[in-house]
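Novice: Sharing a structure below in structure tokens format, with a few things to ask.
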Amino acid sequence: MSRIMTPPWPRWADLKLPLLSWLAAAVLLLAGCSVRAEEDKPFSIEPVKGNVYRVLAGHYRSVFMVTDAGIFVADPINPAAARWLKSQLQARFDAPVRYLAYSHSHPDHALGGEVLDGPAVTVIAHVRAAEDMAWTRLPTARPEVRFADQLTVTLGESSVQLQYYGPNNGRGSVSMRFMPANVMFVVDWVLVGRMPYRNFQGYDVHGVIRSTRALLAQPRFDVFVGGHGDVGTWEDVKFYLGYMEA
Ligand SMILES: [Zn+2]
């Protein structure tokens, strides 16, 4: 689960500390970073369906799609996960990363973009997610393709359909449908395999319900992958909606 966060890094210019405390603070910061990276291990990749795979990093999940024309990666999650994923993609698949798309703007899913970015990579986000990343100066790869309602990215015979539903959780939160596998990826505003907490901190509950209804009103998907929890089905998402509406 993510909530709206302010950047954890201090603005150095604002710090009026003696050099030693300044150094101590820097060391603590670095230690904190490595502890967080440790928590996110172990990393793994598992096949979902067809040419779509799931990435697991601690409690976080992302997906990628492999085609002869290149690889489409969703959330990088964090720098350690992105570094691990990059090495795995190079070792396992004979195709370059061509696209990187953020599901939404929250740092706990969107950091590490710069690790996967490169001259041949197009970085994608919803306009509101891109705005939010710019405002918070999120240290990750900046989206160069921004869309307002929907966007379809084609790679050979495969494609990814990105769709925006309005406010739900975070800014510019979108779904990604991977075709022809028909795998749906949604982060944070749909949860399957575990029930959400009743008090949704930072969530627009009505927005979540509205968005989930719209998601289910589309053609059925075969597999659902969330940003947390287990892989599920269309029926699992329907059950989740019933829970949210109750
Ligand atoms: Zn989350």
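So you can find residues: chains in the structure tokens are A, B, ... in the order shown, residues in each start at 1, and ligands are numbered from 1 in order.
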Go through the chains and note each residue within 10 Å of ligand 1, using only C-alpha atoms and all ligand atoms, then give the set as a list in words.

Specialist: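 Counting only what the definition allows, namely only C-alpha atoms and all ligand atoms, the set is Met1, Ser2, Arg3, His59, Tyr60, Arg61, Ile77, His104, His106, Pro107, Asp108, His109, Ala110, Asn169, Gly170, Val187, Asp188, Trp189, Leu191, Gly226, Gly227 and His228 of chain A.
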
Novice: With only C-alpha atoms as the counted atoms, please give the residues lying no more than 12 Å from A:Pro42, apart from itself and same-chain residues fewer than 4 positions off, as JSON, numbers by chain.

Specialist: {"A": [37, 38, 55, 56, 57, 58, 59, 60, 80, 81, 84, 85]}

Novice: Using only C-alpha atoms, please write the residues we just selected to a file, as a compact mmCIF listing (two decimals), in the first residue's frame.

Specialist:
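Now in out32.txt:
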# COMPACT_ATOMS: atom_id res chain seq x y z
CA ALA A 37 16.73 -2.39 -0.13
CA GLU A 38 17.31 -5.44 2.06
CA VAL A 55 8.32 -9.29 -10.92
CA LEU A 56 8.25 -9.77 -7.13
CA ALA A 57 10.28 -7.50 -4.88
CA GLY A 58 9.35 -7.88 -1.22
CA HIS A 59 5.67 -6.89 -0.99
CA TYR A 60 5.82 -5.14 -4.35
CA ALA A 80 17.65 -2.28 -6.27
CA ALA A 81 14.72 -4.12 -7.89
CA TRP A 84 18.19 -6.83 -10.50
CA LEU A 85 15.46 -6.86 -13.17

Novice: List every residue of stretch 135-189 of chain A that has an atom at most 12 Å from any atom of stretch 212-217 of chain A, and for each one report the closest atom pair and its distance in Å to one decimal, counting only C-alpha atoms, with rows sorted by chain and then by increasing residue number, as CSV.

Specialist:
residue,atom,partner,partner_atom,distance
A:Leu162,CA,A:Leu215,CA,11.5
A:Gln163,CA,A:Leu215,CA,9.1
A:Tyr164,CA,A:Leu215,CA,9.7
A:Tyr165,CA,A:Ala214,CA,7.3
A:Gly166,CA,A:Ala214,CA,10.2
A:Pro167,CA,A:Thr212,CA,11.4
A:Asn168,CA,A:Thr212,CA,9.3
A:Asn169,CA,A:Thr212,CA,11.7
A:Val174,CA,A:Leu215,CA,10.3
A:Ser175,CA,A:Leu215,CA,8.2
A:Met176,CA,A:Leu215,CA,10.5
A:Arg177,CA,A:Leu215,CA,10.4
A:Met184,CA,A:Leu215,CA,9.5
A:Phe185,CA,A:Leu215,CA,10.8
A:Val186,CA,A:Leu215,CA,9.7
A:Val187,CA,A:Thr212,CA,11.7
A:Asp188,CA,A:Thr212,CA,11.4
A:Trp189,CA,A:Thr212,CA,7.9

Novice: Check stretch 109-217 of chain A with DSSP on the backbone and list each residue it calls strand (DSSP E or B), as number ranges by chain.

Specialist: A: 122-126, 145-147, 150-155, 158-164, 169, 174-179, 183-186, 203

Novice: Select, from A:Leu138, A:Val153, A:Ala148, A:Val183, the residue with the minimum atom-to-atom distance to A:Ala101, counting only C-alpha atoms.

Specialist: A:Val153

Novice: Could you list, as a PDB file with C-alpha atoms, in the first residue's frame, every residue within 8 Å of A:Val237, counting only C-alpha atoms and ignoring same-chain residues fewer than 3 positions away?

Specialist:
ATOM      1  CA  VAL A 190      -7.471  -2.947  -6.745  1.00  0.00           C
ATOM      2  CA  LEU A 191      -6.243  -5.597  -4.312  1.00  0.00           C
ATOM      3  CA  VAL A 192      -6.815  -9.319  -4.650  1.00  0.00           C
ATOM      4  CA  THR A 212     -13.101  -0.539 -10.417  1.00  0.00           C
ATOM      5  CA  LEU A 216     -15.008  -4.417 -14.884  1.00  0.00           C
ATOM      6  CA  PHE A 224      -5.266  -9.871 -12.874  1.00  0.00           C
ATOM      7  CA  GLY A 232      -6.070 -13.193  -9.498  1.00  0.00           C
ATOM      8  CA  THR A 233      -8.966 -13.413 -11.924  1.00  0.00           C
ATOM      9  CA  TRP A 234     -11.748 -11.155 -13.184  1.00  0.00           C
ATOM     10  CA  TYR A 240     -13.158  -6.948  -4.338  1.00  0.00           C
ATOM     11  CA  LEU A 241     -15.628  -4.436  -5.791  1.00  0.00           C
TER      12      LEU A 241
END

Novice: Between atom CA of A:Gly229 and atom CA of A:Arg54, what is the distance, to one decimal in Å?

Specialist: 11.6 Å

Novice: Excluding same-chain residues fewer than 5 positions from stretch 124-129 of chain A, what lies within 7 Å of it counting only C-alpha atoms, as a PyMOL selection string?

Specialist: chain A and resi 100-102+104-105+143-148+171-172

Novice: Extract, using only C-alpha atoms, all DNA, RNA and protein residues at most 9 Å from stretch 66-74 of chain A, discarding same-chain residues fewer than 3 positions from it, and format them as a compact mmCIF listing (two decimals) with N, CA and C atoms, in the first residue's frame.

Specialist:
# COMPACT_ATOMS: atom_id res chain seq x y z
N ASN A 51 3.39 -14.05 -23.04
CA ASN A 51 4.67 -13.34 -22.97
C ASN A 51 4.72 -12.32 -21.83
N VAL A 52 3.84 -12.51 -20.85
CA VAL A 52 3.79 -11.57 -19.71
C VAL A 52 4.32 -12.25 -18.45
N TYR A 53 5.17 -11.54 -17.73
CA TYR A 53 5.83 -12.05 -16.53
C TYR A 53 5.59 -11.09 -15.37
N SER A 62 5.46 -6.02 -10.07
CA SER A 62 5.35 -5.31 -11.33
C SER A 62 5.23 -6.37 -12.42
N VAL A 63 5.09 -5.93 -13.66
CA VAL A 63 4.98 -6.87 -14.77
C VAL A 63 5.85 -6.39 -15.93
N ILE A 77 9.72 -0.12 -9.46
CA ILE A 77 9.58 -0.39 -8.00
C ILE A 77 10.61 0.38 -7.17
N LEU A 89 16.76 -9.47 -17.27
CA LEU A 89 16.24 -9.32 -18.63
C LEU A 89 17.35 -9.55 -19.65
N PHE A 93 16.57 -12.89 -21.85
CA PHE A 93 15.83 -12.59 -23.07
C PHE A 93 16.72 -11.88 -24.08
N ASP A 94 16.52 -12.22 -25.33
CA ASP A 94 17.31 -11.64 -26.40
C ASP A 94 16.55 -10.45 -27.00
N ALA A 95 16.19 -9.50 -26.16
CA ALA A 95 15.44 -8.33 -26.64
C ALA A 95 15.74 -7.15 -25.72
N PRO A 96 15.82 -5.95 -26.28
CA PRO A 96 16.11 -4.77 -25.45
C PRO A 96 14.83 -4.23 -24.80
N VAL A 97 15.00 -3.52 -23.68
CA VAL A 97 13.86 -2.80 -23.12
C VAL A 97 13.54 -1.63 -24.05
N ARG A 98 12.26 -1.51 -24.43
CA ARG A 98 11.85 -0.43 -25.33
C ARG A 98 10.94 0.57 -24.64
N TYR A 99 10.14 0.10 -23.66
CA TYR A 99 9.20 0.98 -22.97
C TYR A 99 9.25 0.74 -21.46
N LEU A 100 9.06 1.83 -20.73
CA LEU A 100 8.93 1.79 -19.27
C LEU A 100 7.72 2.65 -18.95
N ALA A 101 6.72 2.07 -18.27
CA ALA A 101 5.48 2.83 -17.99
C ALA A 101 5.16 2.77 -16.50
N TYR A 102 4.91 3.95 -15.91
CA TYR A 102 4.56 4.02 -14.49
C TYR A 102 3.06 3.82 -14.29
N SER A 103 2.69 3.01 -13.29
CA SER A 103 1.27 2.81 -13.00
C SER A 103 0.68 4.04 -12.32
N LEU A 116 16.50 1.51 -15.69
CA LEU A 116 16.00 0.81 -16.89
C LEU A 116 15.95 1.72 -18.11
N VAL A 153 0.28 0.98 -26.80
CA VAL A 153 1.67 0.80 -27.23
C VAL A 153 1.77 -0.54 -27.92
N LEU A 155 4.00 -3.49 -29.80
CA LEU A 155 5.33 -4.09 -29.97
C LEU A 155 5.14 -5.37 -30.77
N GLY A 156 5.45 -5.36 -32.05
CA GLY A 156 5.22 -6.53 -32.89
C GLY A 156 3.75 -6.90 -32.89
N GLU A 157 3.46 -8.16 -32.55
CA GLU A 157 2.08 -8.65 -32.53
C GLU A 157 1.39 -8.36 -31.20
N SER A 158 2.13 -7.83 -30.25
CA SER A 158 1.60 -7.60 -28.90
C SER A 158 1.34 -6.11 -28.68
N VAL A 160 0.05 -3.03 -25.42
CA VAL A 160 -0.33 -2.69 -24.05
C VAL A 160 -1.29 -1.52 -24.12
N MET A 176 -3.08 -1.22 -17.02
CA MET A 176 -2.36 -1.66 -18.22
C MET A 176 -2.88 -3.05 -18.59
N PHE A 185 -3.06 -5.23 -15.33
CA PHE A 185 -2.18 -4.80 -14.23
C PHE A 185 -2.71 -3.50 -13.64

Novice: Rank A:Val48, A:Val223, A:Met133, A:Val121 by their smallest atom-to-atom distance to A:Asn182, using only C-alpha atoms, and report the top residue only.

Specialist: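 Among the listed residues, the smallest separation from A:Asn182 belongs to A:Val223.
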
Novice: Quick one, how far is atom CA of A:Ala181 from atom CA of A:Phe43?

Specialist: 23.4 Å

Novice: Take atom CA of A:Gly207 and atom CA of A:Leu111 and report the distance between them in Å, one decimal.

Specialist: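 Those two atoms sit 24.8 Å apart.
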